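Asks: Hey, dropping start-v6.txt in here, compact mmCIF, C-alpha atoms:
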# COMPACT_ATOMS: atom_id res chain seq x y z
CA MET A 1 88.09 160.66 126.42
CA MET A 2 90.60 157.98 125.63
CA LYS A 3 91.38 157.58 121.93
CA LYS A 4 90.64 154.03 120.84
CA ILE A 5 93.03 152.36 118.45
CA PHE A 6 91.86 150.03 115.72
CA THR A 7 91.56 146.47 116.95
CA ILE A 8 89.32 143.55 116.15
CA ALA A 9 87.32 142.20 119.04
CA ARG A 10 88.31 138.80 120.35
CA SER A 11 84.81 137.55 119.76
CA ASP A 12 84.69 138.72 116.14
CA LYS A 13 86.30 135.68 114.58
CA LYS A 14 84.81 136.37 111.18
CA SER A 15 86.47 139.79 110.89
CA ARG A 16 89.67 138.40 112.26
CA ARG A 17 89.79 135.65 109.70
CA LYS A 18 88.98 138.05 106.89
CA ALA A 19 91.67 140.49 108.02
CA LEU A 20 94.31 137.79 108.32
CA GLU A 21 93.45 136.47 104.88
CA LYS A 22 93.66 139.90 103.28
CA LEU A 23 96.94 140.84 104.92
CA ASN A 24 98.33 137.43 104.08
CA GLN A 25 97.20 137.44 100.46
CA GLU A 26 98.60 140.89 99.86
CA GLY A 27 101.95 139.86 101.27
CA PHE A 28 102.07 142.13 104.32
CA ILE A 29 102.19 139.23 106.74
CA ASP A 30 102.57 135.50 106.83
CA ALA A 31 99.39 134.67 108.70
CA THR A 32 100.71 131.36 109.93
CA GLU A 33 103.64 133.11 111.51
CA VAL A 34 101.43 135.79 113.01
CA LEU A 35 99.40 133.04 114.61
CA GLY A 36 102.41 131.50 116.23
CA GLY A 37 104.55 129.94 113.59
CA LYS A 38 104.89 126.84 111.58
CA GLN A 39 105.31 123.62 113.41
CA ASP A 40 108.33 121.60 112.53
CA ASP A 41 108.56 122.78 108.97
CA GLY A 42 112.17 121.77 108.80
CA GLU A 43 113.13 125.02 107.17
CA GLY A 44 113.87 127.01 110.24
CA GLY A 45 110.24 127.80 110.74
CA GLY A 46 109.98 129.24 114.17
CA ASN A 47 112.83 130.17 116.41
CA PRO A 48 113.54 129.73 120.07
CA PHE A 49 111.81 132.84 121.28
CA PHE A 50 108.77 131.73 123.12
CA ILE A 51 106.86 133.20 125.99
CA ARG A 52 110.05 134.46 127.39
CA GLN A 53 111.48 137.02 125.11
CA GLU A 54 113.46 134.12 123.72
CA ALA A 55 110.17 132.69 122.66
CA SER A 56 109.73 130.39 119.76
CA ASN A 57 107.22 131.27 117.14
CA GLN A 58 106.95 127.64 116.39
CA ILE A 59 106.69 126.68 120.00
CA ASN A 60 104.26 129.51 120.46
CA GLY A 61 102.04 127.62 118.11
CA ILE A 62 101.73 124.86 120.64
CA TYR A 63 100.69 127.11 123.45
CA GLN A 64 98.63 129.87 121.97
CA ASP A 65 94.91 129.56 122.45
CA SER A 66 92.15 129.95 119.96
CA ASN A 67 94.29 131.14 117.12
CA ASP A 68 92.35 129.09 114.68
CA PHE A 69 92.77 130.35 111.17
CA ILE A 70 94.62 128.11 108.81
CA MET B 1 93.23 135.24 144.14
CA LYS B 2 94.65 131.82 143.52
CA THR B 3 97.09 131.55 140.69
CA GLU B 4 95.92 128.92 138.30
CA ALA B 5 98.81 128.54 135.96
CA THR B 6 100.35 125.74 134.06
CA ILE B 7 104.08 125.65 134.05
CA LYS B 8 105.06 125.52 130.42
CA GLY B 9 108.74 125.18 130.93
CA LEU B 10 111.89 126.02 132.76
CA VAL B 11 114.72 128.35 131.94
CA LEU B 12 117.83 126.58 133.12
CA LYS B 13 120.85 128.59 134.10
CA VAL B 14 123.16 125.78 133.16
CA ALA B 15 126.19 128.05 133.39
CA SER B 16 126.31 130.97 135.76
CA ARG B 17 129.19 132.65 133.97
CA CYS B 18 129.56 134.05 130.49
CA ASN B 19 132.40 134.42 128.04
CA LEU B 20 130.98 137.85 127.16
CA ASN B 21 130.31 140.86 129.34
CA CYS B 22 127.58 142.74 127.50
CA GLU B 23 127.09 146.11 129.08
CA TYR B 24 123.30 145.88 129.31
CA CYS B 25 123.17 142.31 130.64
CA TYR B 26 120.74 141.91 133.56
CA MET B 27 122.68 138.90 134.79
CA TYR B 28 125.87 140.75 135.58
CA ASN B 29 125.69 144.45 134.90
CA LEU B 30 122.43 145.85 136.21
CA GLY B 31 123.02 145.54 139.94
CA ASP B 32 122.60 141.87 140.86
CA GLU B 33 125.67 140.04 142.07
CA THR B 34 124.19 136.75 143.17
CA TYR B 35 125.87 134.95 140.28
CA LYS B 36 129.11 135.15 142.26
CA ALA B 37 127.76 132.69 144.80
CA GLN B 38 126.55 130.25 142.17
CA PRO B 39 128.52 127.20 141.07
CA LYS B 40 129.89 127.78 137.60
CA PHE B 41 127.95 124.94 136.04
CA MET B 42 124.78 123.02 136.83
CA SER B 43 125.60 119.62 138.32
CA GLN B 44 124.19 116.28 137.24
CA SER B 45 122.62 116.02 140.68
CA ILE B 46 120.61 119.22 140.10
CA VAL B 47 119.65 117.96 136.65
CA ASN B 48 118.40 114.68 138.10
CA ASN B 49 116.46 116.51 140.78
CA LEU B 50 114.80 118.91 138.42
CA LEU B 51 113.89 116.23 135.89
CA ASN B 52 112.37 114.15 138.67
CA LYS B 53 110.30 117.15 139.77
CA VAL B 54 109.24 117.94 136.22
CA GLY B 55 108.27 114.30 135.71
CA THR B 56 106.10 114.36 138.81
CA TYR B 57 104.60 117.69 137.80
CA LEU B 58 103.73 116.48 134.31
CA THR B 59 102.17 113.29 135.64
CA GLN B 60 100.05 115.16 138.17
CA SER B 61 99.09 118.11 135.99
CA GLY B 62 98.38 116.13 132.86
CA SER B 63 100.40 118.56 130.76
CA LYS B 64 101.51 116.98 127.53
CA THR B 65 104.16 119.50 126.53
CA PHE B 66 107.14 121.00 128.25
CA THR B 67 109.98 123.27 127.21
CA PHE B 68 113.48 123.52 128.55
CA ILE B 69 115.41 126.64 127.68
CA PHE B 70 119.13 126.22 128.23
CA HIS B 71 120.37 129.60 129.28
CA GLY B 72 123.05 131.25 131.33
CA GLY B 73 125.49 132.88 131.42
CA GLU B 74 126.60 131.21 128.26
CA PRO B 75 125.08 127.73 127.97
CA LEU B 76 127.75 126.39 125.62
CA LEU B 77 130.32 126.71 128.40
CA VAL B 78 129.06 123.50 129.98
CA GLY B 79 130.26 121.17 127.24
CA TYR B 80 128.68 118.54 125.04
CA ASP B 81 128.13 115.85 127.64
CA PHE B 82 125.84 118.01 129.73
CA TYR B 83 123.31 118.09 126.89
CA ARG B 84 123.71 114.45 125.98
CA ASN B 85 123.14 113.47 129.60
CA PHE B 86 120.27 115.89 130.03
CA VAL B 87 118.29 114.63 127.05
CA ARG B 88 119.01 111.00 127.89
CA LYS B 89 117.88 111.50 131.48
CA ALA B 90 114.79 113.43 130.37
CA LYS B 91 113.75 110.49 128.20
CA GLU B 92 114.19 108.27 131.21
CA LEU B 93 112.37 110.40 133.77
CA LEU B 94 109.62 112.28 131.94
CA PRO B 95 106.35 110.62 130.91
CA ALA B 96 106.82 108.99 127.51
CA TYR B 97 103.89 110.89 126.00
CA THR B 98 105.40 114.31 126.77
CA ILE B 99 106.39 116.48 123.83
CA VAL B 100 109.60 118.04 125.05
CA ASP B 101 111.12 121.05 123.33
CA TYR B 102 114.72 121.97 123.93
CA ILE B 103 115.92 125.46 123.21
CA LEU B 104 119.32 126.95 123.74
CA GLN B 105 119.98 130.70 123.76
CA THR B 106 123.62 131.45 123.05
CA ASN B 107 125.83 134.35 122.10
CA GLY B 108 127.15 132.07 119.35
CA VAL B 109 130.82 132.70 120.02
CA LEU B 110 131.53 129.02 120.75
CA LEU B 111 129.11 127.63 118.21
CA THR B 112 131.27 125.29 116.16
CA ASP B 113 130.19 122.70 113.64
CA GLU B 114 130.68 120.06 116.33
CA TRP B 115 128.25 121.92 118.58
CA CYS B 116 125.77 122.00 115.71
CA ARG B 117 126.19 118.26 115.33
CA VAL B 118 125.65 117.60 119.03
CA LEU B 119 122.70 119.96 119.42
CA GLY B 120 121.18 118.86 116.14
CA SER B 121 121.38 115.21 117.13
CA LEU B 122 119.52 116.03 120.33
CA ASP B 123 116.87 118.18 118.60
CA VAL B 124 117.95 121.23 120.55
CA ARG B 125 116.92 124.41 118.76
CA ILE B 126 119.22 127.35 118.83
CA GLY B 127 118.65 131.06 119.31
CA ILE B 128 121.54 133.46 118.83
CA SER B 129 121.86 136.82 120.56
CA LEU B 130 123.17 139.44 118.18
CA ASP B 131 122.32 143.12 117.92
CA GLY B 132 122.97 143.62 114.22
CA LEU B 133 125.69 143.11 111.70
CA THR B 134 127.94 146.09 112.39
CA GLU B 135 130.37 146.92 115.16
CA VAL B 136 128.27 149.96 116.06
CA ALA B 137 125.14 147.87 116.44
CA ASN B 138 127.02 145.42 118.68
CA LYS B 139 129.00 147.95 120.69
CA TYR B 140 127.53 146.71 123.98
CA ARG B 141 128.22 143.05 123.18
CA ILE B 142 131.82 142.82 124.27
CA ASP B 143 134.05 140.27 125.93
CA HIS B 144 135.78 140.62 129.30
CA GLN B 145 138.64 142.48 127.67
CA GLY B 146 136.24 144.96 126.12
CA LYS B 147 136.69 143.53 122.64
CA SER B 148 133.92 143.11 120.13
CA SER B 149 132.17 139.75 119.89
CA LEU B 150 130.65 140.44 116.47
CA MET B 151 132.95 138.44 114.21
CA ALA B 152 132.95 135.40 116.51
CA THR B 153 129.17 135.44 116.71
CA LEU B 154 128.84 135.77 112.95
CA LYS B 155 131.18 132.82 112.53
CA GLY B 156 128.98 130.81 114.89
CA PHE B 157 125.90 131.86 112.97
CA SER B 158 127.57 130.89 109.70
CA ASN B 159 128.40 127.47 111.16
CA THR B 160 124.72 126.86 111.87
CA HIS B 161 123.82 127.66 108.29
CA GLN B 162 126.50 125.40 106.88
CA SER B 163 125.82 122.57 109.27
CA LYS B 164 124.08 119.52 107.87
CA TYR B 165 123.02 118.46 111.34
CA LEU B 166 120.59 121.17 112.38
CA LYS B 167 116.96 120.61 111.57
CA TYR B 168 116.06 124.17 112.55
CA LEU B 169 117.98 127.25 111.61
CA PRO B 170 118.61 129.61 114.49
CA GLY B 171 116.63 132.73 115.15
CA ILE B 172 118.27 135.98 116.09
CA LEU B 173 117.43 137.90 119.25
CA SER B 174 118.53 141.53 119.19
CA VAL B 175 118.41 144.26 121.78
CA ILE B 176 117.44 147.53 120.11
CA ASN B 177 120.43 149.75 119.52
CA LEU B 178 119.43 153.17 118.26
CA GLU B 179 122.86 153.70 116.77
CA SER B 180 122.23 151.02 114.19
CA ASN B 181 120.45 151.92 111.00
CA PRO B 182 117.15 150.02 110.65
CA ALA B 183 117.37 149.83 106.85
CA GLN B 184 120.91 148.44 106.90
CA LEU B 185 119.98 146.10 109.71
CA TYR B 186 116.94 144.73 107.90
CA GLN B 187 118.76 144.33 104.61
CA GLY B 188 121.71 142.71 106.34
CA TYR B 189 119.57 140.14 108.09
CA LYS B 190 117.76 139.41 104.84
CA GLU B 191 121.04 138.84 103.05
CA LEU B 192 122.07 136.45 105.81
CA LYS B 193 118.79 134.60 105.18
CA VAL B 194 117.73 134.97 108.79
CA LYS B 195 114.24 133.61 108.96
CA HIS B 196 113.23 134.64 112.46
CA LEU B 197 114.16 137.76 114.33
CA ASN B 198 113.02 139.45 117.45
CA PHE B 199 113.87 142.80 118.98
CA LEU B 200 113.94 143.52 122.68
CA PHE B 201 113.62 146.80 124.48
CA PRO B 202 116.70 147.35 126.63
CA ASP B 203 116.17 146.23 130.21
CA GLY B 204 115.90 148.70 133.01
CA THR B 205 113.71 150.00 135.81
CA TYR B 206 112.70 153.47 136.99
CA ASP B 207 115.74 153.43 139.27
CA ASN B 208 118.09 151.86 136.76
CA LEU B 209 117.27 153.22 133.32
CA PRO B 210 118.81 151.88 130.12
CA LYS B 211 121.88 153.67 128.84
CA GLY B 212 120.97 156.76 126.84
CA TYR B 213 117.30 156.51 127.82
CA LYS B 214 115.55 159.86 128.03
CA PHE B 215 112.73 159.99 130.52
CA ASP B 216 109.29 161.02 129.27
CA GLU B 217 110.43 160.96 125.65
CA ILE B 218 109.96 158.61 122.75
CA ASN B 219 113.13 156.53 122.77
CA TYR B 220 112.68 153.44 120.62
CA ALA B 221 109.34 153.71 118.81
CA ASP B 222 110.59 155.76 115.86
CA TRP B 223 113.38 153.27 115.25
CA LEU B 224 110.95 150.37 115.43
CA ILE B 225 108.44 152.13 113.19
CA GLU B 226 111.10 152.60 110.53
CA LEU B 227 111.89 148.90 110.79
CA PHE B 228 108.20 147.98 110.76
CA ASP B 229 107.61 149.88 107.53
CA LEU B 230 110.56 148.18 105.87
CA TRP B 231 109.21 144.83 106.95
CA PHE B 232 105.47 145.29 106.54
CA PHE B 233 105.69 146.73 103.04
CA ASP B 234 108.32 144.23 101.90
CA LYS B 235 106.32 141.78 99.78
CA ASP B 236 109.18 139.29 99.54
CA PRO B 237 107.68 136.00 100.75
CA GLN B 238 111.09 135.05 102.12
CA LYS B 239 111.37 138.12 104.31
CA PRO B 240 112.37 137.51 107.91
CA GLN B 241 109.61 137.04 110.44
CA ILE B 242 109.93 139.62 113.20
CA GLY B 243 108.43 138.43 116.47
CA ILE B 244 107.45 141.75 118.01
CA PHE B 245 105.61 142.86 114.86
CA ASN B 246 103.87 139.54 114.43
CA HIS B 247 102.75 139.57 118.06
CA ILE B 248 101.39 143.10 117.87
CA THR B 249 99.65 142.32 114.58
CA ASN B 250 98.05 139.24 116.08
CA LEU B 251 96.82 141.20 119.09
CA VAL B 252 95.47 144.07 116.98
CA LEU B 253 93.54 141.48 114.97
CA GLY B 254 91.96 140.07 118.11
CA GLY B 255 94.28 137.14 118.64
CA HIS B 256 95.62 135.63 121.80
CA VAL B 257 99.33 136.03 122.38
CA LYS B 258 101.03 134.56 125.37
CA TYR B 259 104.22 136.47 125.27
CA ASP B 260 105.93 137.95 128.28
CA SER B 261 106.36 141.39 126.74
CA PHE B 262 102.95 141.90 125.16
CA GLY B 263 99.54 140.36 125.32
CA GLU B 264 97.74 138.57 128.04
CA GLY B 265 99.91 135.62 128.90
CA ASP B 266 100.88 134.27 132.23
CA ASN B 267 104.57 134.35 132.91
CA ILE B 268 104.65 130.64 133.29
CA PHE B 269 108.31 129.97 132.86
CA LEU B 270 110.27 129.45 136.03
CA ILE B 271 113.97 129.96 136.31
CA ILE B 272 116.18 127.25 137.75
CA GLU B 273 119.42 128.78 138.87
CA THR B 274 122.70 126.91 138.50
CA ASN B 275 122.49 125.65 142.09
CA GLY B 276 118.87 124.60 141.70
CA ASP B 277 117.21 127.68 143.19
CA ILE B 278 113.73 128.30 141.80
CA GLU B 279 113.27 131.92 140.81
CA PRO B 280 110.92 134.17 138.86
CA GLN B 281 111.75 136.03 135.65
CA ASP B 282 115.49 136.46 135.62
CA SER B 283 115.49 139.96 134.15
CA LEU B 284 114.07 141.05 137.53
CA LYS B 285 117.68 140.95 138.63
CA ALA B 286 117.74 144.49 137.22
CA CYS B 287 115.53 145.51 140.16
CA GLY B 288 118.38 145.07 142.64
CA ASP B 289 120.79 142.65 144.21
CA SER B 290 119.14 139.39 145.33
CA PHE B 291 115.74 140.63 144.15
CA THR B 292 114.88 137.28 142.59
CA LYS B 293 115.80 135.14 145.58
CA THR B 294 112.92 133.00 146.82
CA ASN B 295 114.40 130.45 149.25
CA LEU B 296 113.04 127.72 147.03
CA ASN B 297 115.30 125.05 145.59
CA ILE B 298 114.52 122.21 143.23
CA THR B 299 116.11 119.73 145.62
CA THR B 300 113.75 120.60 148.47
CA HIS B 301 110.64 122.00 146.77
CA THR B 302 108.23 121.02 144.05
CA LEU B 303 107.51 123.20 141.04
CA GLU B 304 104.00 123.86 142.38
CA ASP B 305 105.47 125.24 145.61
CA SER B 306 106.55 128.23 143.58
CA PHE B 307 102.94 129.30 143.06
CA ASN B 308 102.80 130.26 146.72
CA GLN B 309 105.93 132.38 146.56
CA PRO B 310 104.76 136.02 146.43
CA LEU B 311 107.10 137.32 143.72
CA ILE B 312 106.63 134.29 141.48
CA LYS B 313 102.89 134.47 141.99
CA PHE B 314 102.97 138.15 141.12
CA CYS B 315 105.00 137.48 138.00
CA ILE B 316 102.60 134.84 136.79
CA ASP B 317 99.69 137.25 137.18
CA SER B 318 101.62 140.35 136.19
CA GLN B 319 99.63 141.19 133.11
CA GLN B 320 96.43 141.22 135.17
CA THR B 321 97.77 143.59 137.82
CA LEU B 322 98.27 146.81 135.93
CA CYS B 323 98.51 150.31 137.33
CA GLN B 324 95.68 152.78 136.93
CA GLN B 325 97.36 154.57 134.05
CA CYS B 326 97.68 151.31 132.12
CA GLN B 327 94.09 150.38 132.78
CA ASN B 328 92.95 153.64 131.18
CA CYS B 329 95.29 153.46 128.21
CA SER B 330 94.28 153.09 124.57
CA VAL B 331 96.82 150.37 123.82
CA VAL B 332 96.53 148.28 126.96
CA GLU B 333 94.73 145.49 125.13
CA VAL B 334 97.89 144.98 123.14
CA CYS B 335 100.78 145.77 125.43
CA ARG B 336 99.22 144.61 128.75
CA GLY B 337 101.80 146.70 130.55
CA GLY B 338 104.78 145.26 128.76
CA TYR B 339 107.60 143.39 130.37
CA ILE B 340 107.24 143.15 134.14
CA THR B 341 110.78 144.25 134.95
CA HIS B 342 110.29 147.53 133.14
CA ARG B 343 107.43 148.47 135.50
CA TYR B 344 109.51 148.42 138.65
CA SER B 345 110.48 151.30 140.91
CA ARG B 346 111.72 151.14 144.48
CA ASP B 347 108.98 153.55 145.57
CA ARG B 348 105.97 151.93 144.00
CA GLY B 349 107.02 148.39 143.19
CA PHE B 350 105.30 147.28 139.98
CA ASP B 351 102.47 149.80 140.25
CA ASN B 352 103.81 151.81 137.32
CA PRO B 353 103.49 151.84 133.57
CA SER B 354 106.50 150.46 131.77
CA ILE B 355 109.49 152.73 131.36
CA HIS B 356 108.85 152.05 127.66
CA CYS B 357 105.20 153.08 127.86
CA LYS B 358 105.43 156.03 125.47
CA ASP B 359 107.22 153.86 122.94
CA PHE B 360 104.57 151.15 123.18
CA GLU B 361 101.81 153.66 122.71
CA LYS B 362 103.36 155.18 119.60
CA LEU B 363 104.45 151.88 118.05
CA ILE B 364 101.21 150.01 118.68
CA THR B 365 99.08 152.92 117.49
CA TYR B 366 101.17 153.15 114.34
CA ILE B 367 100.94 149.43 113.56
CA SER B 368 97.23 149.47 114.25
CA GLU B 369 96.79 152.38 111.80
CA ARG B 370 98.81 150.70 109.07
CA ILE B 371 96.78 147.53 109.42
CA SER B 372 93.57 149.52 109.38
CA ASP B 373 94.72 151.33 106.21
CA VAL B 374 95.19 148.03 104.40
CA LEU B 375 91.93 146.56 105.60
CA THR B 376 89.81 149.57 104.66
CA VAL B 377 91.08 149.92 101.10
Kindly present the structure from the file in C-alpha cells form.
Replies:
Amino acid sequence: MMKKIFTIARSDKKSRRKALEKLNQEGFIDATEVLGGKQDDGEGGGNPFFIRQEASNQINGIYQDSNDFI
Amino acid sequence: MKTEATIKGLVLKVASRCNLNCEYCYMYNLGDETYKAQPKFMSQSIVNNLLNKVGTYLTQSGSKTFTFIFHGGEPLLVGYDFYRNFVRKAKELLPAYTIVDYILQTNGVLLTDEWCRVLGSLDVRIGISLDGLTEVANKYRIDHQGKSSLMATLKGFSNTHQSKYLKYLPGILSVINLESNPAQLYQGYKELKVKHLNFLFPDGTYDNLPKGYKFDEINYADWLIELFDLWFFDKDPQKPQIGIFNHITNLVLGGHVKYDSFGEGDNIFLIIETNGDIEPQDSLKACGDSFTKTNLNITTHTLEDSFNQPLIKFCIDSQQTLCQQCQNCSVVEVCRGGYITHRYSRDRGFDNPSIHCKDFEKLITYISERISDVLTV
C-alpha cells in the first residue's frame, strides 16, 4: 500500500486558506510569495524564474490559476 | 488527444554563444552541437518575423499577457541596441492591450551599470545564474580558459544593487552543488540581500547522468533538506524567497503551480533559436545531438504550428504522460514527474521516472511532514 503524504485537497479551499494563514502568521512562509509572488512591488518582489526554471514568482502570479488567498 | 495550450511566452536564444563554458551546461556540454551551425546573434529580420507571429497569435488567441525571456548563450553579448530595437518593435507590432513581460537570464559577467540603465529603461527584469558565493560552489561555472567566473558575476550582481535604474532587483538561479555548504550559502545570500532564489537539479538523462551522480541513491535531497530547514525556520521577514520550496509548499497545500519542474503545468514556453527555429524545451539538448530539432522556423511557420510537432506536443503535455511508477507514487501530486529532460533514456524515451526521483520523494515527503507538524500543533 502506497504511503500517502500530507497534502490538502485541491477542493478544500477552507483548509488551504487556514493553513496558509497559519504558516504565514507564524513566519514560516510568505503566503503571497508561495502563491506566486508580489506583482510589481518595486522592491524586487518576484524574480525572472517563471514556468521555465527561470520562472518569475511575480510573473507566476499572473499565470497561476485559482490561487486565491490574499 | 489534442493539445489545448496557450503559449505564455517565448525563450529567445538571442545569442548562440556564451562567454562562459560551464561544465554542466546543456547548451554546449551535454552532447548537443547544433549551436555551431547557428548564427552568433539573432538578426533584426528574425526579431521582426517572430514579433509579427506573436502579434497574430495574440490577436487570434485573445491572450492578454505574453513573456519574452532573453536567453542564450549569454544574452548580453548582443549589445544594447538589440534590446532597444526589440522593445520598440514589440510596441509597434503587438496588440496595444498586451501586458508584455521581458526577462533576461544572464551569467552577470558583463552586467555593467550601463546595462542596468538600458535594461531598466526598457523594463527588462534580470535573473542571474550563480551557484553560490564561493569558488567551490561555482567550480563548474568557468570561462573558456577554465578560469572562475565568480568575481565577475558578483561584480555584475553588485552593479544591479547599486543601480538607480532597475525597478526590480535580480533573482539568483543556482544549480545545486553538493560541495557547497547550505548554511554558508543561505547566510551568504541573505547578507547579499538576495530576495529571490531558486535551485535547480543538475541536468542529465539516464544515458548522460550529472557529474558525481550516484544511481539509485539519494543525491540532492539531504542537501536541500538542510537548506529547507534553514529557510523554513528562519522567522526573519526579509529572508530570501526560495522558489523550489515555495512551489512545493503551495502544492502540498492544494495549490496550483504551473512550473516546469513540479506541479501540473503545461510546458507552454517555446524556444526560438538564434536562426528562428522553433523548438521545445532547450534542456532536451541533453538527450542527444539535434534532439530538439523540429524543422519549424518562425519565418515559415506560425506559433500554433508547433502544437502539431510531436516532441513539442509531448513537452506541453509532459506532466500528464507519466510512467507507471510515477502514477503509483506517493508524491506524484507534487512533483508530477519533475523536469521532462530528466525522464529521458534512449531505451524507453520519457517513459521513466526522473533520474532525481528518489530525491523528490525524500524532499517532498520531508517538506510535507514539516508543514503538517506546524499545522497540527
Asks: Which residues, written as a ChimeraX atom specification, have at least one atom at most 10 Å from Glu191 in chain B, with all atoms listed in the file counted and residues fewer than 5 positions away on the same chain left out?
Replies: /B:185-186,239
Asks: Rounded to one decimal in Å, what is the spacing between CA of Ile126 in chain B and CA of Ile69 in chain B?
Replies: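 Distance between the two atoms: 9.7 Å.
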Asks: Name the residues in contact with Ile5 in chain A at a cut-off of 9 Å, using all atoms listed in the file, excluding same-chain residues fewer than 2 positions from it; report them as a ChimeraX atom specification.
Replies: /A:3,7 /B:252,330-331,364-365,368-369
Asks: Taking (125.6, 127.0, 122.8) in the file's coordinates, which residues come within 6 Å, counting only C-alpha atoms, written as a PyMOL selection string?
Replies: chain B and resi 75-76+106+111
Asks: Which neighbours of Ser149 in chain B fall inside 12 Å, counting all atoms listed in the file, when residues of the same chain fewer than 5 positions from it are skipped, and could you give them as a PyMOL selection string?
Replies: chain B and resi 19-22+107-110+129-144+154-156
Asks: List as a VMD selection string the protein and nucleic acid residues near Ala31 in chain A, meaning an atom at most 8 Å away when all atoms listed in the file are counted, but skip any in the same chain fewer than 6 places from it.
Replies: chain A and resid 20 to 21 23 to 24
Asks: Identify, on the basis of all atoms listed in the file, every residue whose closest approach to Lys53 in chain B does not exceed 10 Å; exclude the query and any residue fewer than 2 positions from it along the same chain; express the result as a PyMOL selection string.
Replies: chain B and resi 47-51+55-59+93-94+298-304
Asks: Under the rule that all atoms listed in the file are counted, which of B:Gly146, B:Gly204, B:Gly212, B:Gly127 is the nearest residue to chain A?
Replies: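 Checking each candidate against chain A, we get B:Gly127 as the closest.
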Asks: Please measure the separation of CA of Lys167 in chain B and CA of Gly120 in chain B, giving the value in Å to one decimal.
Replies: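 Going from CA of Lys167 in chain B over to CA of Gly120 in chain B, I get 6.5 Å.
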Asks: Around all of range 167-183 of chain B's listed atoms, make the axis-aligned box with 8 Å on each side and tell me centre and edge lengths in Å to one decimal, as AutoDock Vina command-line options.
Replies:
--center_x 119.5 --center_y 137.2 --center_z 114.3 --size_x 22.8 --size_y 49.1 --size_z 30.9
Asks: So which residues fall inside 6 Å of (120.6, 148.8, 127.0) if we count only C-alpha atoms? Mind giving them as a list of chain:residue names?
Replies: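 Checked against the point, the hits come out as B:Tyr24, B:Pro202, B:Pro210, B:Lys211.
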Asks: CA of Val332 in chain B and CA of Tyr344 in chain B, how far apart in Å?
Replies: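 For CA of Tyr344 in chain B relative to CA of Val332 in chain B, the distance reads 17.5 Å.
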Asks: So, with all atoms listed in the file as the atoms that count, which of B:Thr294, B:Asn219, B:Thr249, B:Thr160 lies closest to chain A?
Replies: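 Of B:Thr294, B:Asn219, B:Thr249, B:Thr160, the one nearest chain A is B:Thr249, counting all atoms listed in the file.
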Asks: For Ser43 in chain B, which residue among B:Thr65, B:Gln187, B:Asn246, B:Asn275 is the nearest when counting only C-alpha atoms?
Replies: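 Ranking B:Thr65, B:Gln187, B:Asn246, B:Asn275 by distance to Ser43 in chain B, first place goes to B:Asn275.
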Asks: For Pro280 in chain B, which of B:Leu311, B:Val54, B:Ser121, B:Leu296 is the closest residue, counting only C-alpha atoms?
Replies: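 Distance minimum relative to Pro280 in chain B lands on B:Leu311.
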